[in-house]
$ cat work_27.cif   # mmCIF, C-alpha atoms and all ligand atoms
data_coords
#
loop_
_atom_site.label_atom_id
_atom_site.label_comp_id
_atom_site.auth_asym_id
_atom_site.auth_seq_id
_atom_site.Cartn_x
_atom_site.Cartn_y
_atom_site.Cartn_z
CA MET A 61 30.15 21.58 -26.52
CA ALA A 62 31.54 19.38 -23.74
CA PHE A 63 29.50 16.88 -21.76
CA ASP A 64 30.16 15.36 -18.35
CA CYS A 65 29.67 11.93 -19.90
CA ILE A 66 28.77 10.40 -23.26
CA VAL A 67 27.35 6.89 -23.62
CA ARG A 68 28.34 5.95 -27.18
CA ASN A 69 26.85 3.47 -29.63
CA ALA A 70 23.71 2.47 -27.72
CA THR A 71 20.56 0.78 -28.98
CA LEU A 72 17.39 2.41 -27.64
CA PRO A 73 14.13 0.64 -26.69
CA ASP A 74 12.36 2.25 -29.69
CA GLY A 75 14.78 0.42 -32.02
CA ARG A 76 17.16 3.28 -32.90
CA LYS A 77 20.72 1.95 -33.12
CA GLY A 78 24.15 3.59 -32.90
CA GLN A 79 22.95 6.42 -30.66
CA ASP A 80 25.17 8.61 -28.48
CA VAL A 81 23.69 10.03 -25.29
CA GLY A 82 25.33 13.16 -23.91
CA ILE A 83 24.91 13.91 -20.21
CA SER A 84 25.40 17.24 -18.44
CA ALA A 85 24.64 18.21 -14.84
CA GLY A 86 22.68 15.01 -14.19
CA ARG A 87 20.42 15.39 -17.21
CA ILE A 88 20.31 14.01 -20.73
CA ALA A 89 21.53 16.91 -22.89
CA ALA A 90 21.46 15.27 -26.33
CA ILE A 91 20.66 11.99 -28.11
CA GLU A 92 22.15 11.78 -31.60
CA PRO A 93 23.75 9.20 -33.89
CA LYS A 94 27.27 10.70 -33.61
CA LEU A 95 27.90 13.34 -30.98
CA ASP A 96 30.91 15.37 -32.05
CA ALA A 97 31.91 16.58 -28.58
CA GLU A 98 34.33 16.13 -25.71
CA ALA A 99 33.30 14.40 -22.50
CA GLY A 100 34.73 13.93 -19.02
CA GLU A 101 33.88 10.23 -19.26
CA THR A 102 33.01 8.02 -22.21
CA ILE A 103 31.12 4.73 -21.90
CA ASP A 104 31.10 2.37 -24.87
CA ALA A 105 27.65 0.73 -24.94
CA ARG A 106 28.82 -1.73 -27.64
CA SER A 107 25.37 -1.73 -29.29
CA CYS A 108 23.70 -2.86 -26.05
CA LEU A 109 20.24 -1.69 -25.02
CA LEU A 110 20.15 1.60 -23.09
CA SER A 111 16.87 2.09 -21.25
CA PRO A 112 15.35 4.40 -18.69
CA PRO A 113 15.29 2.64 -15.31
CA PHE A 114 12.79 -0.01 -14.27
CA VAL A 115 9.80 1.13 -12.21
CA ASP A 116 7.92 -1.17 -9.82
CA CYS A 117 4.43 0.28 -9.40
CA HIS A 118 3.23 -2.28 -6.84
CA PHE A 119 5.31 -3.44 -3.91
CA HIS A 120 5.17 -4.07 -0.12
CA MET A 121 8.46 -2.82 1.28
CA ASP A 122 7.41 -3.13 4.93
CA ALA A 123 7.15 -6.91 4.55
CA THR A 124 10.01 -7.59 2.15
CA LEU A 125 12.81 -9.96 3.23
CA SER A 126 10.76 -11.14 6.24
CA LEU A 127 10.24 -14.65 4.85
CA GLY A 128 9.94 -17.22 7.65
CA GLN A 129 9.17 -14.64 10.39
CA PRO A 130 7.55 -15.99 12.49
CA ARG A 131 6.81 -19.02 10.25
CA LEU A 132 6.22 -19.96 6.61
CA ASN A 133 2.93 -19.73 4.68
CA LEU A 134 1.96 -23.39 4.31
CA SER A 135 -1.30 -23.06 2.34
CA GLY A 136 0.21 -20.51 -0.07
CA THR A 137 -2.98 -18.43 0.08
CA LEU A 138 -3.46 -14.66 0.34
CA LEU A 139 -5.46 -15.18 3.54
CA GLU A 140 -2.75 -17.18 5.34
CA GLY A 141 -0.25 -14.52 4.22
CA ILE A 142 -2.39 -11.78 5.78
CA ALA A 143 -2.76 -13.84 9.00
CA LEU A 144 0.98 -14.44 9.13
CA TRP A 145 1.77 -10.76 8.63
CA GLY A 146 -0.70 -10.08 11.47
CA GLU A 147 1.37 -12.36 13.73
CA LEU A 148 4.58 -10.54 12.84
CA LYS A 149 3.16 -7.00 13.07
CA PRO A 150 3.20 -6.58 16.89
CA HIS A 151 6.88 -7.53 16.91
CA LEU A 152 8.00 -5.09 14.21
CA THR A 153 10.49 -2.43 15.18
CA ARG A 154 11.26 0.71 13.24
CA GLU A 155 14.92 -0.28 13.00
CA ALA A 156 14.21 -3.77 11.69
CA VAL A 157 11.71 -2.58 9.05
CA ALA A 158 14.12 0.16 7.90
CA ALA A 159 17.07 -2.24 7.76
CA ARG A 160 15.16 -4.74 5.61
CA ALA A 161 13.90 -1.96 3.34
CA LEU A 162 17.37 -0.46 2.88
CA ARG A 163 18.82 -3.87 2.01
CA TYR A 164 16.04 -4.33 -0.51
CA CYS A 165 16.75 -0.91 -2.07
CA ASP A 166 20.42 -1.92 -2.56
CA LEU A 167 19.21 -4.98 -4.47
CA ALA A 168 16.74 -2.86 -6.46
CA VAL A 169 19.47 -0.42 -7.55
CA SER A 170 21.69 -3.32 -8.64
CA GLN A 171 18.84 -4.44 -10.91
CA GLY A 172 18.29 -0.97 -12.41
CA LEU A 173 15.05 -0.54 -10.45
CA LEU A 174 15.11 3.13 -9.44
CA ALA A 175 11.47 3.92 -8.65
CA ILE A 176 9.08 1.96 -6.44
CA ARG A 177 5.49 2.50 -5.30
CA SER A 178 5.25 0.62 -2.00
CA HIS A 179 2.13 0.02 0.04
CA VAL A 180 2.70 0.39 3.78
CA ASP A 181 0.38 -1.13 6.36
CA VAL A 182 -1.38 1.48 8.51
CA CYS A 183 -3.35 -0.98 10.72
CA ASP A 184 -0.97 -0.63 13.64
CA ASP A 185 -1.59 2.16 16.14
CA ARG A 186 2.15 2.65 16.52
CA LEU A 187 2.51 3.26 12.75
CA THR A 188 5.89 1.54 13.03
CA ALA A 189 6.16 0.62 9.36
CA VAL A 190 4.93 4.04 8.22
CA GLU A 191 7.55 5.88 10.25
CA ALA A 192 10.27 3.46 9.16
CA LEU A 193 9.48 3.76 5.45
CA LEU A 194 9.12 7.56 5.58
CA GLU A 195 12.64 7.60 7.00
CA VAL A 196 13.86 5.17 4.32
CA LYS A 197 12.23 7.29 1.62
CA LYS A 198 14.38 10.25 2.71
CA ARG A 199 17.54 8.16 2.98
CA VAL A 200 17.25 6.57 -0.47
CA ALA A 201 16.05 9.72 -2.28
CA PRO A 202 19.49 10.40 -3.83
CA TYR A 203 19.35 7.06 -5.67
CA LEU A 204 15.76 5.76 -5.67
CA ASP A 205 12.28 7.33 -5.84
CA LEU A 206 10.08 5.72 -3.22
CA GLN A 207 6.36 6.54 -3.33
CA LEU A 208 4.31 5.30 -0.35
CA VAL A 209 0.67 4.17 -0.25
CA ALA A 210 -1.29 4.20 3.03
CA PHE A 211 -2.57 0.63 2.98
CA PRO A 212 -5.16 -0.60 5.50
CA GLN A 213 -4.13 -4.26 5.25
CA ASP A 214 -6.77 -5.49 7.72
CA GLY A 215 -9.60 -3.59 6.00
CA TYR A 216 -10.48 0.11 6.08
CA LEU A 217 -13.87 -0.63 7.69
CA ARG A 218 -13.07 -4.06 9.14
CA SER A 219 -10.14 -2.91 11.27
CA PRO A 220 -11.33 -0.48 13.98
CA ALA A 221 -8.30 1.82 13.89
CA ALA A 222 -7.69 1.80 10.13
CA ALA A 223 -9.69 4.91 9.15
CA ARG A 224 -8.00 7.09 11.78
CA ASN A 225 -4.54 5.65 11.13
CA LEU A 226 -4.85 6.05 7.37
CA GLU A 227 -5.46 9.79 7.81
CA ARG A 228 -2.59 9.96 10.34
CA ALA A 229 -0.26 8.30 7.81
CA LEU A 230 -1.30 10.77 5.09
CA ASP A 231 -0.74 13.65 7.52
CA LEU A 232 2.78 12.33 8.14
CA GLY A 233 3.55 12.51 4.41
CA VAL A 234 2.50 9.19 2.89
CA ASP A 235 1.77 10.00 -0.75
CA VAL A 236 -1.11 7.81 -1.96
CA VAL A 237 -4.44 6.48 -0.59
CA GLY A 238 -4.72 2.67 -0.46
CA GLY A 239 -7.42 0.10 0.34
CA ILE A 240 -8.44 -3.54 0.16
CA PRO A 241 -12.20 -3.74 -0.51
CA HIS A 242 -12.28 -7.53 -1.12
CA PHE A 243 -11.05 -8.08 2.45
CA GLU A 244 -13.92 -6.12 4.02
CA ARG A 245 -16.66 -8.27 5.60
CA THR A 246 -19.30 -7.86 2.90
CA MET A 247 -19.48 -6.75 -0.73
CA ALA A 248 -21.45 -3.72 0.52
CA ASP A 249 -18.70 -2.81 3.01
CA GLY A 250 -16.14 -3.22 0.24
CA ALA A 251 -18.03 -0.79 -1.98
CA ALA A 252 -18.46 1.64 0.95
CA SER A 253 -14.71 1.52 1.59
CA VAL A 254 -13.97 2.32 -2.07
CA ARG A 255 -16.31 5.32 -1.92
CA ALA A 256 -14.83 6.62 1.33
CA LEU A 257 -11.24 6.18 0.12
CA CYS A 258 -11.91 7.89 -3.22
CA GLU A 259 -13.44 10.82 -1.34
CA ILE A 260 -10.30 11.10 0.82
CA ALA A 261 -8.13 11.12 -2.32
CA ALA A 262 -10.34 13.78 -3.95
CA ARG A 263 -10.43 15.94 -0.82
CA ARG A 264 -6.66 15.79 -0.36
CA GLY A 265 -5.80 15.98 -4.08
CA LEU A 266 -3.87 12.70 -3.88
CA ARG A 267 -3.47 9.62 -6.02
CA ILE A 268 -5.32 6.45 -5.01
CA ASP A 269 -4.25 2.84 -5.62
CA LEU A 270 -6.56 0.13 -4.30
CA HIS A 271 -5.92 -3.59 -4.06
CA CYS A 272 -9.09 -4.54 -5.93
CA ASP A 273 -10.81 -7.90 -6.39
CA GLU A 274 -7.69 -9.91 -5.51
CA SER A 275 -9.62 -13.16 -5.36
CA ASP A 276 -11.03 -15.87 -7.61
CA ASP A 277 -14.60 -14.72 -6.87
CA PRO A 278 -16.29 -14.11 -10.24
CA LEU A 279 -18.82 -11.85 -8.50
CA SER A 280 -16.33 -9.48 -6.91
CA ARG A 281 -17.28 -6.02 -8.19
CA HIS A 282 -14.92 -3.51 -6.60
CA VAL A 283 -13.07 -2.31 -9.68
CA GLU A 284 -16.49 -1.35 -11.07
CA THR A 285 -17.08 0.84 -8.01
CA LEU A 286 -13.56 2.28 -8.22
CA ALA A 287 -14.04 3.23 -11.89
CA ALA A 288 -17.46 4.78 -11.21
CA GLU A 289 -16.19 6.73 -8.18
CA ALA A 290 -13.09 7.89 -10.04
CA GLN A 291 -15.38 9.20 -12.77
CA ARG A 292 -17.79 10.85 -10.30
CA LEU A 293 -14.97 12.60 -8.43
CA GLY A 294 -12.81 13.40 -11.47
CA LEU A 295 -9.85 11.32 -10.27
CA GLY A 296 -9.10 9.86 -13.72
CA ALA A 297 -5.50 8.73 -14.14
CA ARG A 298 -4.80 9.55 -10.48
CA ALA A 299 -6.68 6.33 -9.64
CA THR A 300 -5.39 2.79 -10.03
CA GLY A 301 -6.85 -0.67 -9.48
CA SER A 302 -4.22 -3.24 -8.50
CA HIS A 303 -4.39 -7.02 -8.98
CA LEU A 304 -7.96 -7.30 -10.44
CA THR A 305 -7.60 -11.09 -10.47
CA SER A 306 -11.32 -11.84 -10.12
CA MET A 307 -11.67 -10.45 -13.66
CA HIS A 308 -10.05 -13.70 -14.80
CA SER A 309 -13.07 -15.62 -13.49
CA MET A 310 -15.83 -13.15 -14.34
CA ASP A 311 -18.62 -13.87 -16.79
CA ASN A 312 -17.67 -12.64 -20.28
CA TYR A 313 -20.90 -10.67 -20.69
CA TYR A 314 -20.22 -8.76 -17.48
CA VAL A 315 -16.62 -8.07 -18.54
CA SER A 316 -17.86 -6.69 -21.87
CA LYS A 317 -19.75 -4.08 -19.84
CA LEU A 318 -17.05 -3.54 -17.20
CA LEU A 319 -14.07 -2.85 -19.46
CA PRO A 320 -15.62 0.12 -21.32
CA LEU A 321 -16.46 1.67 -17.93
CA ILE A 322 -12.83 1.25 -16.80
CA ALA A 323 -11.61 2.73 -20.11
CA GLU A 324 -14.00 5.69 -19.87
CA SER A 325 -13.03 6.42 -16.27
CA GLY A 326 -9.35 6.84 -17.24
CA ILE A 327 -8.06 4.76 -14.30
CA ASN A 328 -4.96 2.56 -14.52
CA ALA A 329 -4.67 -1.18 -13.94
CA ILE A 330 -1.77 -3.07 -12.40
CA ALA A 331 -1.24 -6.82 -12.77
CA ASN A 332 1.20 -8.67 -10.52
CA PRO A 333 1.98 -11.92 -12.33
CA LEU A 334 4.63 -13.45 -10.04
CA ILE A 335 2.47 -13.37 -6.95
CA ASN A 336 -0.98 -13.89 -8.42
CA LEU A 337 -0.01 -16.90 -10.52
CA THR A 338 1.02 -18.56 -7.27
CA LEU A 339 -1.65 -17.19 -4.86
CA GLN A 340 -4.79 -17.63 -6.97
CA GLY A 341 -6.66 -20.80 -7.84
CA ARG A 342 -5.75 -22.37 -4.50
CA HIS A 343 -9.35 -23.39 -3.81
CA ASP A 344 -9.67 -25.07 -7.21
CA SER A 345 -9.07 -28.73 -7.93
CA TYR A 346 -8.60 -29.11 -11.71
CA PRO A 347 -8.74 -27.29 -14.01
CA ARG A 348 -6.98 -24.66 -11.91
CA ARG A 349 -7.57 -21.01 -12.77
CA ARG A 350 -4.67 -18.71 -13.53
CA GLY A 351 -4.53 -15.69 -11.30
CA LEU A 352 -3.90 -13.03 -13.88
CA THR A 353 -6.32 -10.29 -14.83
CA ARG A 354 -7.34 -9.72 -18.49
CA VAL A 355 -4.24 -7.84 -19.61
CA ALA A 356 -4.66 -8.16 -23.39
CA GLU A 357 -8.34 -7.19 -23.31
CA MET A 358 -7.66 -4.09 -21.22
CA ARG A 359 -4.78 -3.07 -23.49
CA ALA A 360 -7.01 -3.44 -26.52
CA LEU A 361 -9.35 -0.83 -25.05
CA GLY A 362 -6.51 1.58 -24.32
CA ILE A 363 -6.60 1.12 -20.53
CA PRO A 364 -3.11 1.86 -19.17
CA VAL A 365 -1.85 -1.47 -17.76
CA ALA A 366 1.44 -1.88 -15.91
CA LEU A 367 3.14 -4.86 -14.29
CA GLY A 368 4.21 -4.88 -10.63
CA GLN A 369 6.28 -7.19 -8.49
CA ASP A 370 4.20 -7.04 -5.27
CA CYS A 371 6.35 -9.23 -3.02
CA VAL A 372 9.90 -10.46 -2.52
CA MET A 373 10.61 -13.06 0.15
CA ASP A 374 7.72 -12.24 2.48
CA PRO A 375 4.60 -13.98 3.92
CA TRP A 376 3.00 -14.13 0.45
CA TYR A 377 5.87 -15.02 -1.88
CA GLY A 378 9.12 -16.82 -1.13
CA LEU A 379 11.04 -15.94 -4.29
CA GLY A 380 11.76 -12.71 -6.23
CA GLY A 381 14.87 -10.59 -6.62
CA ALA A 382 13.89 -7.01 -7.53
CA ASP A 383 14.11 -8.08 -11.18
CA MET A 384 11.36 -6.37 -13.19
CA LEU A 385 12.38 -8.41 -16.24
CA ASP A 386 11.35 -11.51 -14.27
CA VAL A 387 7.94 -9.85 -13.85
CA ALA A 388 7.69 -9.12 -17.59
CA HIS A 389 8.82 -12.68 -18.42
CA MET A 390 6.18 -14.18 -16.14
CA ALA A 391 3.46 -11.97 -17.63
CA VAL A 392 4.27 -13.27 -21.12
CA HIS A 393 3.70 -16.82 -19.88
CA GLY A 394 0.81 -16.23 -17.51
CA ALA A 395 -1.36 -14.05 -19.75
CA PRO A 396 -0.28 -15.68 -22.16
CA MET A 397 0.83 -13.08 -24.73
CA THR A 398 3.53 -14.26 -27.07
CA SER A 399 3.39 -11.94 -30.12
CA ARG A 400 6.54 -9.88 -30.70
CA GLU A 401 4.46 -6.75 -30.12
CA ALA A 402 3.11 -8.05 -26.79
CA ILE A 403 6.53 -9.14 -25.50
CA ARG A 404 7.94 -5.73 -26.44
CA TRP A 405 5.00 -4.17 -24.58
CA THR A 406 5.89 -6.05 -21.36
CA PHE A 407 9.17 -4.09 -21.33
CA GLU A 408 7.19 -0.83 -21.50
CA ALA A 409 4.93 -2.17 -18.75
CA VAL A 410 7.89 -2.23 -16.33
CA THR A 411 9.40 1.10 -17.46
CA GLU A 412 7.47 3.90 -19.23
CA ILE A 413 3.90 2.94 -18.27
CA PRO A 414 4.43 2.63 -14.50
CA ALA A 415 6.49 5.84 -14.58
CA ARG A 416 3.37 7.62 -15.86
CA ILE A 417 1.18 5.93 -13.22
CA LEU A 418 3.51 7.13 -10.45
CA GLY A 419 3.67 10.60 -12.04
CA LEU A 420 7.49 10.57 -12.06
CA GLN A 421 8.94 13.90 -13.16
CA GLY A 422 11.87 13.94 -15.60
CA TYR A 423 11.58 10.25 -16.49
CA GLY A 424 12.45 8.96 -19.95
CA LEU A 425 14.98 8.78 -22.69
CA ARG A 426 14.88 12.27 -24.17
CA ALA A 427 16.85 15.50 -24.01
CA GLY A 428 16.01 17.32 -20.79
CA ALA A 429 15.08 14.19 -18.82
CA ASN A 430 17.03 12.99 -15.78
CA ALA A 431 20.13 10.99 -16.72
CA ASP A 432 18.74 7.86 -15.03
CA LEU A 433 19.80 5.02 -17.30
CA VAL A 434 20.30 1.27 -17.40
CA LEU A 435 22.62 -0.45 -19.87
CA LEU A 436 21.46 -4.02 -20.48
CA GLN A 437 23.37 -6.97 -21.94
CA ALA A 438 20.78 -7.39 -24.67
CA GLY A 439 20.21 -6.12 -28.19
CA ASP A 440 16.56 -5.09 -27.79
CA PRO A 441 13.66 -5.16 -25.30
CA ILE A 442 12.50 -8.64 -26.36
CA GLU A 443 15.96 -10.07 -25.78
CA ALA A 444 16.12 -8.27 -22.43
CA VAL A 445 12.90 -10.01 -21.35
CA ARG A 446 13.98 -13.38 -22.78
CA LEU A 447 17.36 -13.36 -20.98
CA ARG A 448 16.35 -11.27 -17.96
CA ALA A 449 19.46 -9.45 -19.09
CA THR A 450 22.39 -8.42 -16.91
CA ARG A 451 22.37 -4.76 -15.89
CA LEU A 452 25.86 -3.78 -16.97
CA ILE A 453 25.63 -0.18 -15.76
CA VAL A 454 23.00 1.64 -13.69
CA MET A 455 23.17 5.42 -13.67
CA ARG A 456 21.32 7.90 -11.48
CA ARG A 457 21.47 11.60 -12.40
CA GLY A 458 24.48 10.86 -14.60
CA ARG A 459 26.47 9.06 -11.92
CA ILE A 460 27.16 5.31 -12.05
CA VAL A 461 25.53 3.72 -8.98
CA ALA A 462 25.88 0.03 -9.93
CA ARG A 463 28.01 -2.02 -12.29
CA THR A 464 27.77 -5.75 -13.06
CA PRO A 465 30.21 -7.65 -15.29
CA ALA A 466 28.78 -9.01 -18.53
CA ARG A 467 27.67 -12.61 -18.34
CA GLU A 468 30.06 -14.86 -20.22
CA THR A 469 30.62 -18.58 -19.83
CA ALA A 470 33.98 -20.25 -20.48
CA LEU A 471 33.38 -23.43 -22.45
CA ALA A 472 35.65 -26.46 -22.62
CA LEU A 473 34.12 -28.37 -25.55
CA PRO A 474 36.13 -30.00 -28.33
CA GLY A 475 35.95 -28.04 -31.58
CA ARG A 476 33.59 -25.39 -30.14
CA PRO A 477 34.19 -21.68 -29.30
CA PRO A 478 35.98 -21.06 -25.98
CA THR A 479 33.36 -18.63 -24.61
CA LEU A 480 29.62 -18.13 -24.78
CA ASP A 481 27.81 -14.80 -24.56
CA PRO A 482 24.10 -15.41 -23.93
CA ALA A 483 23.15 -12.13 -25.63
CA ALA A 484 24.88 -13.22 -28.85
CA TYR A 485 22.35 -16.02 -29.32
CA ALA A 486 20.16 -14.58 -32.02
CA PRO A 487 18.23 -17.27 -33.90
CA GLY A 488 20.14 -18.68 -36.87
FE FE2 B 1 -0.21 -5.98 -3.07
#
$ encode --input "work_27.cif" --output "structure tokens" --more "lines below"
Ligand code: FE2
Amino acid sequence: MAFDCIVRNATLPDGRKGQDVGISAGRIAAIEPKLDAEAGETIDARSCLLSPPFVDCHFHMDATLSLGQPRLNLSGTLLEGIALWGELKPHLTREAVAARALRYCDLAVSQGLLAIRSHVDVCDDRLTAVEALLEVKKRVAPYLDLQLVAFPQDGYLRSPAAARNLERALDLGVDVVGGIPHFERTMADGAASVRALCEIAARRGLRIDLHCDESDDPLSRHVETLAAEAQRLGLGARATGSHLTSMHSMDNYYVSKLLPLIAESGINAIANPLINLTLQGRHDSYPRRRGLTRVAEMRALGIPVALGQDCVMDPWYGLGGADMLDVAHMAVHGAPMTSREAIRWTFEAVTEIPARILGLQGYGLRAGANADLVLLQAGDPIEAVRLRATRLIVMRRGRIVARTPARETALALPGRPPTLDPAAYAPG
């Protein structure tokens, strides 16, 4: 049998070494230790880690790369970020939003990030960002899966036009229902917004992903309502609570009651360590709370938890580079979770787990799946997280879409080797 391409001698995320991956017609046709076959193209993986692509399950592509427009966020808070975005919104044009998004997608592909769930603000009667990102979704489809969430940034009930515009956005083809209950005026309004949004998702047969309890308020209760509504309406794994940072500050007794409800409901959780470690705790003096939800405790109960990036160079976060290994690395520190098992899990939390949350078809490293692959300059997932490894090759449907030279430093030290490969630094 002949393949279009064979990637030889790869290490897989599950630990299998010396594997050959045969690719035909854009799909993985075989994974075996030694493929005895011809191929149009052969890639020598040199024992490096071959992974399915990274997936970012929480992002804001309408705001990305807008840092400094019209000014910088001086307090560093979520609320100043929302106010700042509100100042920029009337000046957005479809062309400018699309241009920023397309530039970001180039960066994402270079980092092996080939699927993104992006929230898009619907609190603008012109729906400028919605139209721009629907267009971008079509344009990038050959190389990147973009899933859009109708996000009422200024509050589904608080903003007068949000309810109507959210339905308009869904009618135009936006995929997922969004919301922001902690930004509504009262806890009761927040709960009412969760109920209304879950009903829309159930009625339309869509997924729902709510920004939930993104505050340091120990009494914020919206993920409880989301879990209960998801159960009542049978949404299950189609529902996701994002951020959940108030859980960090909640009373332990309450959490012991909340987590089993979340587990029973079957909903997913998304933590965004880069952004929430910098946004949260801003009203504290010392000690200062960390802004990460209870990742380890949710995992222990079998709740699907994934890690998202949220922001790159926008009103909320001035850094970021479409690097999901940065996200995994930060989660290890912020949670903290330093066992070998937990670090290995962070790699899954930016690949396989978010792929399931998005419902991506044909994702994974198995015969029959799409030949969407990333070759990393690392020997295993832990090393990939540790080094935020170079993406040597990024492949979409069997075609190379990005290539980066291996990192190697030339040394000029007396009596020492002339070059240094960071991935060759195993302990010892
Ligand atoms: Fe967000």
$ atom_distance --input "work_27.cif" --atom1 "CA of Arg199 in chain A" --atom2 "CA of Tyr164 in chain A"
13.1 Å
$ residues_near_ligand --input "work_27.cif" --ligand "ligand FE2 1 (chain B)" --cutoff "9 Å" --atoms "all atoms listed in the file" --output "PyMOL selection string"
chain A and resi 118-120+178-179+270-271+274+302-303+332+335+368-371
$ atom_distance --input "work_27.cif" --atom1 "CA of Glu412 in chain A" --atom2 "CA of Arg400 in chain A"
18.0 Å
$ residues_around --input "work_27.cif" --residues "Gly128 in chain A" --least-positions-apart "2" --cutoff "12 Å" --atoms "only C-alpha atoms" --output "list in words"
Ala123, Thr124, Leu125, Ser126, Pro130, Arg131, Leu132, Asn133, Leu134, Gly141, Leu144, Trp145, Glu147, Leu148, Met373, Asp374, Pro375, Trp376, Tyr377 and Gly378 of chain A
$ closest_residue --input "work_27.cif" --among "A:Thr338, A:Gln421, A:Thr353, A:Ser280" --to "Asp205 in chain A" --atoms "only C-alpha atoms"
A:Gln421
$ residues_near_point --input "work_27.cif" --point "(1.4, 10.5, -14.7)" --cutoff "12 Å" --atoms "all atoms listed in the file" --output "list of chain:residue names"
A:Cys117, A:Arg267, A:Gly296, A:Ala297, A:Arg298, A:Ala299, A:Thr300, A:Gly326, A:Ile327, A:Asn328, A:Pro364, A:Glu412, A:Ile413, A:Pro414, A:Ala415, A:Arg416, A:Ile417, A:Leu418, A:Gly419, A:Leu420, A:Gln421, A:Gly422, A:Tyr423
$ closest_residue --input "work_27.cif" --among "A:Leu173, A:Gly341, A:Leu167, A:Ile403" --to "Leu206 in chain A" --atoms "all atoms listed in the file"
A:Leu173
$ closest_residue --input "work_27.cif" --among "A:Ser309, A:Ala366, A:Leu334, A:Asp440" --to "Gly75 in chain A" --atoms "all atoms listed in the file"
A:Asp440
$ closest_residue --input "work_27.cif" --among "A:Ser275, A:Ser399, A:Thr464, A:Thr285" --to "Asp249 in chain A" --atoms "all atoms listed in the file"
A:Thr285
$ residues_around --input "work_27.cif" --residues "Leu266 in chain A" --least-positions-apart "6" --cutoff "9 Å" --atoms "all atoms listed in the file" --output "mmCIF file with C-alpha atoms, keeping the file's coordinate frame"
data_model
loop_
_atom_site.group_PDB
_atom_site.id
_atom_site.type_symbol
_atom_site.label_atom_id
_atom_site.label_comp_id
_atom_site.auth_asym_id
_atom_site.auth_seq_id
_atom_site.Cartn_x
_atom_site.Cartn_y
_atom_site.Cartn_z
ATOM 1 C CA ASP A 235 1.770 10.000 -0.750
ATOM 2 C CA VAL A 236 -1.110 7.810 -1.960
ATOM 3 C CA VAL A 237 -4.440 6.480 -0.590
ATOM 4 C CA ILE A 260 -10.300 11.100 0.820
ATOM 5 C CA LEU A 295 -9.850 11.320 -10.270
ATOM 6 C CA ARG A 298 -4.800 9.550 -10.480
#
$ atom_distance --input "work_27.cif" --atom1 "CA of Arg218 in chain A" --atom2 "CA of Glu244 in chain A"
5.6 Å
$ residues_around --input "work_27.cif" --residues "range 151-159 of chain A" --least-positions-apart "2" --cutoff "9 Å" --atoms "only C-alpha atoms" --output "PyMOL selection string"
chain A and resi 121-124+147-149+161-164+188-193+195-196
$ closest_residue --input "work_27.cif" --among "A:Leu337, A:Leu385, A:Leu425, A:Leu367" --to "Leu138 in chain A" --atoms "all atoms listed in the file"
A:Leu337
$ residues_near_point --input "work_27.cif" --point "(31.4, 9.3, -16.9)" --cutoff "8 Å" --atoms "all atoms listed in the file" --output "JSON, numbers by chain"
{"A": [64, 65, 66, 99, 100, 101, 102, 103, 458, 459, 460]}
$ build_atoms --input "work_27.cif" --residues "range 164-171 of chain A" --atoms "N, CA, C and O atoms" --output "mmCIF file, in the coordinates of the input"
data_model
loop_
_atom_site.group_PDB
_atom_site.id
_atom_site.type_symbol
_atom_site.label_atom_id
_atom_site.label_comp_id
_atom_site.auth_asym_id
_atom_site.auth_seq_id
_atom_site.Cartn_x
_atom_site.Cartn_y
_atom_site.Cartn_z
ATOM 1 N N TYR A 164 16.789 -4.088 0.721
ATOM 2 C CA TYR A 164 16.040 -4.330 -0.510
ATOM 3 C C TYR A 164 16.360 -3.253 -1.558
ATOM 4 O O TYR A 164 16.513 -3.555 -2.746
ATOM 5 N N CYS A 165 16.461 -2.013 -1.123
ATOM 6 C CA CYS A 165 16.750 -0.910 -2.070
ATOM 7 C C CYS A 165 18.129 -1.100 -2.707
ATOM 8 O O CYS A 165 18.312 -0.766 -3.890
ATOM 9 N N ASP A 166 19.101 -1.623 -1.959
ATOM 10 C CA ASP A 166 20.420 -1.920 -2.560
ATOM 11 C C ASP A 166 20.237 -2.898 -3.715
ATOM 12 O O ASP A 166 20.800 -2.733 -4.803
ATOM 13 N N LEU A 167 19.454 -3.951 -3.445
ATOM 14 C CA LEU A 167 19.210 -4.980 -4.470
ATOM 15 C C LEU A 167 18.499 -4.355 -5.672
ATOM 16 O O LEU A 167 18.845 -4.631 -6.830
ATOM 17 N N ALA A 168 17.510 -3.498 -5.390
ATOM 18 C CA ALA A 168 16.740 -2.860 -6.460
ATOM 19 C C ALA A 168 17.667 -2.043 -7.372
ATOM 20 O O ALA A 168 17.607 -2.149 -8.601
ATOM 21 N N VAL A 169 18.551 -1.245 -6.759
ATOM 22 C CA VAL A 169 19.470 -0.420 -7.550
ATOM 23 C C VAL A 169 20.354 -1.307 -8.426
ATOM 24 O O VAL A 169 20.579 -1.024 -9.611
ATOM 25 N N SER A 170 20.821 -2.421 -7.861
ATOM 26 C CA SER A 170 21.690 -3.320 -8.640
ATOM 27 C C SER A 170 20.965 -3.869 -9.859
ATOM 28 O O SER A 170 21.589 -4.234 -10.848
ATOM 29 N N GLN A 171 19.641 -3.915 -9.803
ATOM 30 C CA GLN A 171 18.840 -4.440 -10.910
ATOM 31 C C GLN A 171 18.267 -3.314 -11.789
ATOM 32 O O GLN A 171 17.354 -3.544 -12.587
#
